[in-house]
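Student: File input27.pdb below, PDB, C-alpha atoms:
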```
ATOM      1  CA  MET A 288     -21.442   4.509  -0.658
ATOM      2  CA  THR A 289     -19.302   1.791   0.923
ATOM      3  CA  ILE A 290     -20.543  -1.058  -1.253
ATOM      4  CA  THR A 291     -20.589   0.937  -4.490
ATOM      5  CA  PRO A 292     -17.849  -0.544  -6.702
ATOM      6  CA  GLY A 293     -14.950   1.803  -7.240
ATOM      7  CA  PRO A 294     -11.182   2.020  -6.890
ATOM      8  CA  GLY A 295     -11.231   0.731  -3.294
ATOM      9  CA  THR A 296     -13.252  -2.345  -4.215
ATOM     10  CA  ALA A 297     -11.014  -3.110  -7.202
ATOM     11  CA  MET A 298      -7.918  -2.788  -5.009
ATOM     12  CA  ILE A 299      -9.319  -5.149  -2.348
ATOM     13  CA  VAL A 300     -10.201  -7.801  -4.937
ATOM     14  CA  ARG A 301      -6.792  -7.424  -6.584
ATOM     15  CA  SER A 302      -4.983  -7.742  -3.235
ATOM     16  CA  ALA A 303      -7.001 -10.784  -2.214
ATOM     17  CA  LEU A 304      -6.198 -12.459  -5.534
ATOM     18  CA  ARG A 305      -2.501 -11.599  -5.383
ATOM     19  CA  GLY A 306      -1.701 -12.219  -1.737
ATOM     20  CA  GLY A 307      -4.672 -13.658   0.111
ATOM     21  CA  LEU A 308      -6.793 -12.457   2.971
ATOM     22  CA  ARG A 309      -4.100 -10.750   5.065
ATOM     23  CA  THR A 310      -2.808  -8.793   2.098
ATOM     24  CA  ALA A 311      -6.351  -7.667   1.224
ATOM     25  CA  LEU A 312      -6.940  -6.608   4.828
ATOM     26  CA  ALA A 313      -3.716  -4.577   4.711
ATOM     27  CA  THR A 314      -5.064  -2.846   1.595
ATOM     28  CA  ALA A 315      -8.348  -2.156   3.399
ATOM     29  CA  LEU A 316      -6.434  -0.648   6.331
ATOM     30  CA  GLY A 317      -4.488   1.567   3.924
ATOM     31  CA  ASN A 318      -7.738   2.684   2.313
ATOM     32  CA  SER A 319      -9.152   3.471   5.765
ATOM     33  CA  ALA A 320      -6.059   5.498   6.659
ATOM     34  CA  GLY A 321      -6.706   7.539   3.516
ATOM     35  CA  VAL A 322     -10.343   8.117   4.529
ATOM     36  CA  LEU A 323      -9.194   9.323   7.964
ATOM     37  CA  THR A 324      -6.672  11.616   6.292
ATOM     38  CA  TRP A 325      -9.359  13.154   4.052
ATOM     39  CA  ALA A 326     -11.592  13.641   7.108
ATOM     40  CA  LEU A 327      -8.823  15.470   8.946
ATOM     41  CA  LEU A 328      -8.007  17.532   5.859
ATOM     42  CA  SER A 329     -11.671  18.474   5.511
ATOM     43  CA  ALA A 330     -11.679  19.612   9.146
ATOM     44  CA  VAL A 331      -8.839  22.026   8.414
ATOM     45  CA  GLY A 332     -10.302  23.101   5.066
ATOM     46  CA  VAL A 333      -7.823  21.501   2.660
ATOM     47  CA  SER A 334     -10.419  19.316   0.949
ATOM     48  CA  ALA A 335     -12.588  22.411   0.483
ATOM     49  CA  LEU A 336      -9.642  24.011  -1.306
ATOM     50  CA  VAL A 337      -9.287  20.942  -3.547
ATOM     51  CA  ALA A 338     -13.024  20.959  -4.266
ATOM     52  CA  ALA A 339     -13.005  24.693  -5.046
ATOM     53  CA  SER A 340      -9.822  24.820  -7.111
ATOM     54  CA  GLU A 341     -10.037  23.484 -10.656
ATOM     55  CA  VAL A 342      -6.237  23.094 -10.825
ATOM     56  CA  ALA A 343      -5.949  21.245  -7.486
ATOM     57  CA  PHE A 344      -8.854  18.980  -8.405
ATOM     58  CA  ALA A 345      -7.371  18.245 -11.844
ATOM     59  CA  VAL A 346      -3.923  17.466 -10.382
ATOM     60  CA  LEU A 347      -5.421  15.152  -7.773
ATOM     61  CA  LYS A 348      -7.678  13.517 -10.357
ATOM     62  CA  LEU A 349      -4.779  12.858 -12.752
ATOM     63  CA  THR A 350      -2.596  11.578  -9.907
ATOM     64  CA  GLY A 351      -5.338   9.167  -8.878
ATOM     65  CA  ALA A 352      -5.855   8.013 -12.457
ATOM     66  CA  THR A 353      -2.111   7.453 -12.862
ATOM     67  CA  VAL A 354      -1.933   5.365  -9.669
ATOM     68  CA  LEU A 355      -4.865   3.198 -10.766
ATOM     69  CA  ILE A 356      -3.556   2.717 -14.304
ATOM     70  CA  TYR A 357      -0.076   1.840 -12.971
ATOM     71  CA  LEU A 358      -1.540  -0.781 -10.612
ATOM     72  CA  GLY A 359      -3.695  -2.138 -13.436
ATOM     73  CA  VAL A 360      -0.701  -2.474 -15.761
ATOM     74  CA  ARG A 361       1.171  -4.297 -12.962
ATOM     75  CA  SER A 362      -1.749  -6.709 -12.648
ATOM     76  CA  LEU A 363      -1.864  -7.277 -16.402
ATOM     77  CA  ALA A 364       1.861  -8.008 -16.435
ATOM     78  CA  GLY A 365       1.581 -10.315 -13.419
ATOM     79  CA  GLY A 366      -1.304 -12.271 -14.919
ATOM     80  CA  ARG A 367       0.414 -13.009 -18.247
ATOM     81  CA  GLU A 368       0.811 -16.648 -19.193
ATOM     82  CA  GLY A 369       4.584 -16.420 -19.330
ATOM     83  CA  GLY A 370       5.001 -13.853 -16.574
ATOM     84  CA  ARG A 371       5.353 -14.269 -12.862
ATOM     85  CA  LEU A 372       2.159 -15.673 -11.417
ATOM     86  CA  ALA A 373       0.806 -12.984  -9.149
ATOM     87  CA  VAL A 374      -1.573 -15.262  -7.267
ATOM     88  CA  VAL A 375       0.381 -17.053  -4.581
ATOM     89  CA  ASP A 376      -0.122 -20.600  -3.395
ATOM     90  CA  THR A 377      -2.200 -20.783  -0.224
ATOM     91  CA  ALA A 378       0.617 -22.712   1.446
ATOM     92  CA  ASP A 379       2.940 -19.748   0.921
ATOM     93  CA  ALA A 380       2.439 -16.969   3.443
ATOM     94  CA  PRO A 381       2.660 -13.550   1.835
ATOM     95  CA  GLU A 382       5.819 -11.698   2.788
ATOM     96  CA  PRO A 383       5.387  -8.915   5.360
ATOM     97  CA  ARG A 384       6.882  -6.555   2.771
ATOM     98  CA  GLY A 385       3.992  -7.554   0.485
ATOM     99  CA  ARG A 386       1.505  -6.511   3.143
ATOM    100  CA  ARG A 387       3.282  -3.183   3.600
ATOM    101  CA  ALA A 388       3.101  -2.642  -0.158
ATOM    102  CA  ALA A 389      -0.605  -3.566  -0.071
ATOM    103  CA  PHE A 390      -1.169  -1.009   2.706
ATOM    104  CA  ARG A 391       0.625   1.634   0.633
ATOM    105  CA  ASP A 392      -1.445   0.731  -2.450
ATOM    106  CA  GLY A 393      -4.683   1.114  -0.465
ATOM    107  CA  LEU A 394      -3.499   4.397   1.042
ATOM    108  CA  ALA A 395      -2.375   5.795  -2.323
ATOM    109  CA  THR A 396      -5.654   4.806  -3.984
ATOM    110  CA  SER A 397      -7.665   6.482  -1.234
ATOM    111  CA  LEU A 398      -5.559   9.648  -1.048
ATOM    112  CA  ALA A 399      -5.519  10.042  -4.828
ATOM    113  CA  ASN A 400      -9.320   9.819  -5.035
ATOM    114  CA  PRO A 401     -10.681  13.336  -5.571
ATOM    115  CA  LYS A 402     -14.206  12.058  -4.969
ATOM    116  CA  LEU A 403     -13.343  11.579  -1.282
ATOM    117  CA  ALA A 404     -12.385  15.245  -1.020
ATOM    118  CA  VAL A 405     -15.629  16.298  -2.697
ATOM    119  CA  PHE A 406     -17.604  13.852  -0.535
ATOM    120  CA  PHE A 407     -16.278  15.323   2.693
ATOM    121  CA  VAL A 408     -16.885  18.880   1.502
ATOM    122  CA  ALA A 409     -20.402  18.197   0.168
ATOM    123  CA  LEU A 410     -21.717  15.848   2.868
ATOM    124  CA  PHE A 411     -19.687  16.601   5.964
ATOM    125  CA  PRO A 412     -21.112  20.082   6.784
ATOM    126  CA  GLN A 413     -24.629  18.632   7.112
ATOM    127  CA  PHE A 414     -23.524  16.686  10.186
ATOM    128  CA  VAL A 415     -21.889  19.571  12.030
ATOM    129  CA  SER A 416     -24.245  21.836  13.961
ATOM    130  CA  ASP A 417     -23.556  25.564  14.120
ATOM    131  CA  GLY A 418     -20.927  26.438  16.696
ATOM    132  CA  SER A 419     -19.811  22.814  17.202
ATOM    133  CA  PRO A 420     -16.114  21.948  16.978
ATOM    134  CA  VAL A 421     -15.339  20.576  13.522
ATOM    135  CA  LEU A 422     -12.509  18.153  14.355
ATOM    136  CA  PRO A 423     -14.482  15.810  16.688
ATOM    137  CA  ALA A 424     -17.367  15.693  14.190
ATOM    138  CA  ALA A 425     -14.947  14.894  11.353
ATOM    139  CA  LEU A 426     -13.371  12.089  13.365
ATOM    140  CA  VAL A 427     -16.739  10.572  14.312
ATOM    141  CA  MET A 428     -17.928  10.652  10.699
ATOM    142  CA  ALA A 429     -14.650   9.179   9.447
ATOM    143  CA  ALA A 430     -14.779   6.454  12.124
ATOM    144  CA  MET A 431     -18.268   5.449  10.958
ATOM    145  CA  ILE A 432     -17.145   5.311   7.326
ATOM    146  CA  VAL A 433     -14.030   3.327   8.254
ATOM    147  CA  ALA A 434     -16.090   0.840  10.311
ATOM    148  CA  LEU A 435     -18.478   0.267   7.391
ATOM    149  CA  ASP A 436     -15.604   0.042   4.897
ATOM    150  CA  LEU A 437     -13.694  -2.473   7.022
ATOM    151  CA  ALA A 438     -16.794  -4.636   7.526
ATOM    152  CA  TRP A 439     -17.590  -4.663   3.791
ATOM    153  CA  TYR A 440     -14.009  -4.997   2.539
ATOM    154  CA  SER A 441     -13.228  -7.771   5.051
ATOM    155  CA  THR A 442     -16.256  -9.736   3.865
ATOM    156  CA  LEU A 443     -15.320  -9.158   0.231
ATOM    157  CA  ALA A 444     -11.698 -10.152   0.904
ATOM    158  CA  MET A 445     -12.770 -13.398   2.617
ATOM    159  CA  LEU A 446     -15.060 -14.326  -0.282
ATOM    160  CA  VAL A 447     -12.381 -13.618  -2.885
ATOM    161  CA  ASP A 448      -9.732 -15.455  -0.843
ATOM    162  CA  ARG A 449     -11.898 -18.565  -0.528
ATOM    163  CA  SER A 450     -12.624 -18.494  -4.248
ATOM    164  CA  ARG A 451      -8.929 -17.959  -4.985
ATOM    165  CA  ARG A 452      -7.981 -21.125  -3.093
ATOM    166  CA  ALA A 453     -10.176 -23.166  -5.423
ATOM    167  CA  PHE A 454      -8.210 -22.223  -8.528
ATOM    168  CA  THR A 455      -4.773 -21.028  -7.389
ATOM    169  CA  ARG A 456      -2.137 -21.351 -10.107
ATOM    170  CA  SER A 457      -4.747 -22.144 -12.740
ATOM    171  CA  ARG A 458      -5.339 -20.418 -16.060
ATOM    172  CA  LEU A 459      -8.522 -19.020 -14.590
ATOM    173  CA  ALA A 460      -6.508 -17.316 -11.819
ATOM    174  CA  ARG A 461      -4.245 -15.665 -14.383
ATOM    175  CA  ARG A 462      -7.266 -14.551 -16.396
ATOM    176  CA  LEU A 463      -8.906 -13.110 -13.305
ATOM    177  CA  GLU A 464      -5.662 -11.266 -12.476
ATOM    178  CA  ARG A 465      -5.671  -9.771 -15.976
ATOM    179  CA  LEU A 466      -9.369  -8.903 -15.644
ATOM    180  CA  MET A 467      -8.693  -7.017 -12.392
ATOM    181  CA  GLY A 468      -5.831  -5.208 -14.128
ATOM    182  CA  ALA A 469      -8.173  -4.179 -16.923
ATOM    183  CA  VAL A 470     -10.778  -3.023 -14.374
ATOM    184  CA  LEU A 471      -8.185  -0.875 -12.574
ATOM    185  CA  ILE A 472      -7.059   0.640 -15.875
ATOM    186  CA  GLY A 473     -10.690   1.299 -16.824
ATOM    187  CA  VAL A 474     -11.419   2.954 -13.481
ATOM    188  CA  GLY A 475      -8.242   5.027 -13.867
ATOM    189  CA  VAL A 476      -9.275   6.188 -17.331
ATOM    190  CA  ARG A 477     -12.783   7.000 -16.059
ATOM    191  CA  VAL A 478     -11.321   9.031 -13.172
ATOM    192  CA  ALA A 479      -9.068  10.915 -15.612
ATOM    193  CA  LEU A 480     -11.909  11.741 -17.994
ATOM    194  CA  GLU A 481     -14.795  12.463 -15.637
ATOM    195  CA  GLN A 482     -15.883  15.970 -14.839
ATOM    196  CA  ARG A 483     -16.773  17.150 -11.374
TER     197      ARG A 483
END
```
Output the structure of this file as structure tokens.

Tutor:
Amino acid sequence: MTITPGPGTAMIVRSALRGGLRTALATALGNSAGVLTWALLSAVGVSALVAASEVAFAVLKLTGATVLIYLGVRSLAGGREGGRLAVVDTADAPEPRGRRAAFRDGLATSLANPKLAVFFVALFPQFVSDGSPVLPAALVMAAMIVALDLAWYSTLAMLVDRSRRAFTRSRLARRLERLMGAVLIGVGVRVALEQR
């Protein structure tokens, strides 16, 4: 599940292209905070409510699609030939505010992903034995997912960052920025249109 391409993967690649390794790691941490939040919500039954309610699921799905499409449009605008170049020079350290924004983007993408709610409702109960406390089991499961996510996303971020250094400020970098924007928009549209 961790290495399956999806909104999280697209966000990590986008962040690595725009701001380098540290920015991508901030996005990964935001994504992980969202996973922990969904685990806690599943422990108290909120994700079950989202999974059971057509309206709640639809609202969450459309919110997630909107977030992804918005981020994709921002990437398309940043990668335009005449626009501000979104990929920074490796000599320029990303601003701390940029890393905070990357964390928020990762968190928003994770929280707005209805598939995480369904995942915790569908898979989580199999790992909790009858009569066991739910909260510790939810935290252990979430910690395992976060560890795998951070290992994979850190590796992906390092690979993208190294590749980015080879063509920073080139036409290829701008094209790749636009491509990631298109991918985010495509994933957003898919999220909006898919059924449970």

Student: Using the chain letters and numbers from the file, give me the residues hit by the PyMOL selection byres ((chain A and resi 344-348) around 7), as a ChimeraX atom specification.

Tutor: /A:337-338,340-343,349-352,399-401,478-479

Student: Please list as a PDB file with C-alpha atoms, in the coordinates of the input every residue within 10 Å of Phe414 of chain A, counting all atoms listed in the file and excluding residues in the same chain fewer than 3 positions away.

Tutor:
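Saved as result24.pdb:
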```
ATOM      1  CA  LEU A 410     -21.717  15.848   2.868  1.00  0.00           C
ATOM      2  CA  PHE A 411     -19.687  16.601   5.964  1.00  0.00           C
ATOM      3  CA  ASP A 417     -23.556  25.564  14.120  1.00  0.00           C
ATOM      4  CA  VAL A 421     -15.339  20.576  13.522  1.00  0.00           C
ATOM      5  CA  ALA A 424     -17.367  15.693  14.190  1.00  0.00           C
ATOM      6  CA  ALA A 425     -14.947  14.894  11.353  1.00  0.00           C
ATOM      7  CA  MET A 428     -17.928  10.652  10.699  1.00  0.00           C
TER       8      MET A 428
END
```

Student: Need the shell around segment 434-438 of chain A: protein/DNA/RNA residues with any atom at most 9 Å away, counting all atoms listed in the file. Skip same-chain ones fewer than 6 positions apart. Format as a list in words?

Tutor: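 Contacts, in chain order: Thr289, Ile290, Leu312, Ala315, Leu316, Asn318 and Ser319 of chain A.
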
Student: For a quick check of understanding, using all atoms listed in the file, which of A:Arg361, A:Asp448, A:Leu443, A:Glu464 has the smallest distance to Gly295 of chain A?

Tutor: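 Nearest to Gly295 of chain A: A:Leu443.
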
Student: Provide the atom CA of Asp392 of chain A to atom CA of Trp439 of chain A distance in Å, to one decimal place.

Tutor: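 Here the two named atoms are 18.1 Å from each other.
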
Student: Between atom CA of Phe406 of chain A and atom CA of Ala429 of chain A, what is the spacing in Å?

Tutor: 11.4 Å

Student: When you draw a straight line from atom CA of Leu355 of chain A to atom CA of Arg305 of chain A, how long is it in Å?

Tutor: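 One can read the atom CA of Leu355 of chain A to atom CA of Arg305 of chain A distance as 15.9 Å.
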
Student: Could you check which of A:Ala313, A:Val360, A:Leu328, A:Ala388 is closest to Val470 of chain A, using all atoms listed in the file?

Tutor: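 Comparing A:Ala313, A:Val360, A:Leu328, A:Ala388 against Val470 of chain A, the winner is A:Val360.
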
Student: With all atoms listed in the file as the atoms that count, which of A:Leu480, A:Ala404, A:Ala469, A:Met298 lies nearest to Thr310 of chain A?

Tutor: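 Among the listed residues, A:Met298 lies closest to Thr310 of chain A.
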
Student: Between A:Ala330, A:Leu463, A:Ala320, A:Ala297, which is the closest to Phe390 of chain A once you count all atoms listed in the file?

Tutor: A:Ala320

Student: Looking at A:Val476, A:Val433, A:Arg462, A:Ala311, which one is nearest to Arg386 of chain A, with distances taken over all atoms listed in the file?

Tutor: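 When distances to Arg386 of chain A are compared using all atoms listed in the file, the smallest one comes from A:Ala311.
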
Student: Go through A:Arg452, A:Arg309, A:Arg465, A:Lys402 one by one, measure the shortest atom-to-atom distance of each to Arg387 of chain A using only C-alpha atoms, and give the residue with the smallest value.

Tutor: A:Arg309

Student: Can you turn the PyMOL selection byres ((chain A and resi 359) around 6) into a concrete residue list for this file, as a list in words?

Tutor: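 Applied to this file, the PyMOL selection byres ((chain A and resi 359) around 6) returns Ile356, Tyr357, Leu358, Val360, Arg361, Ser362, Gly468, Leu471 and Ile472 of chain A.
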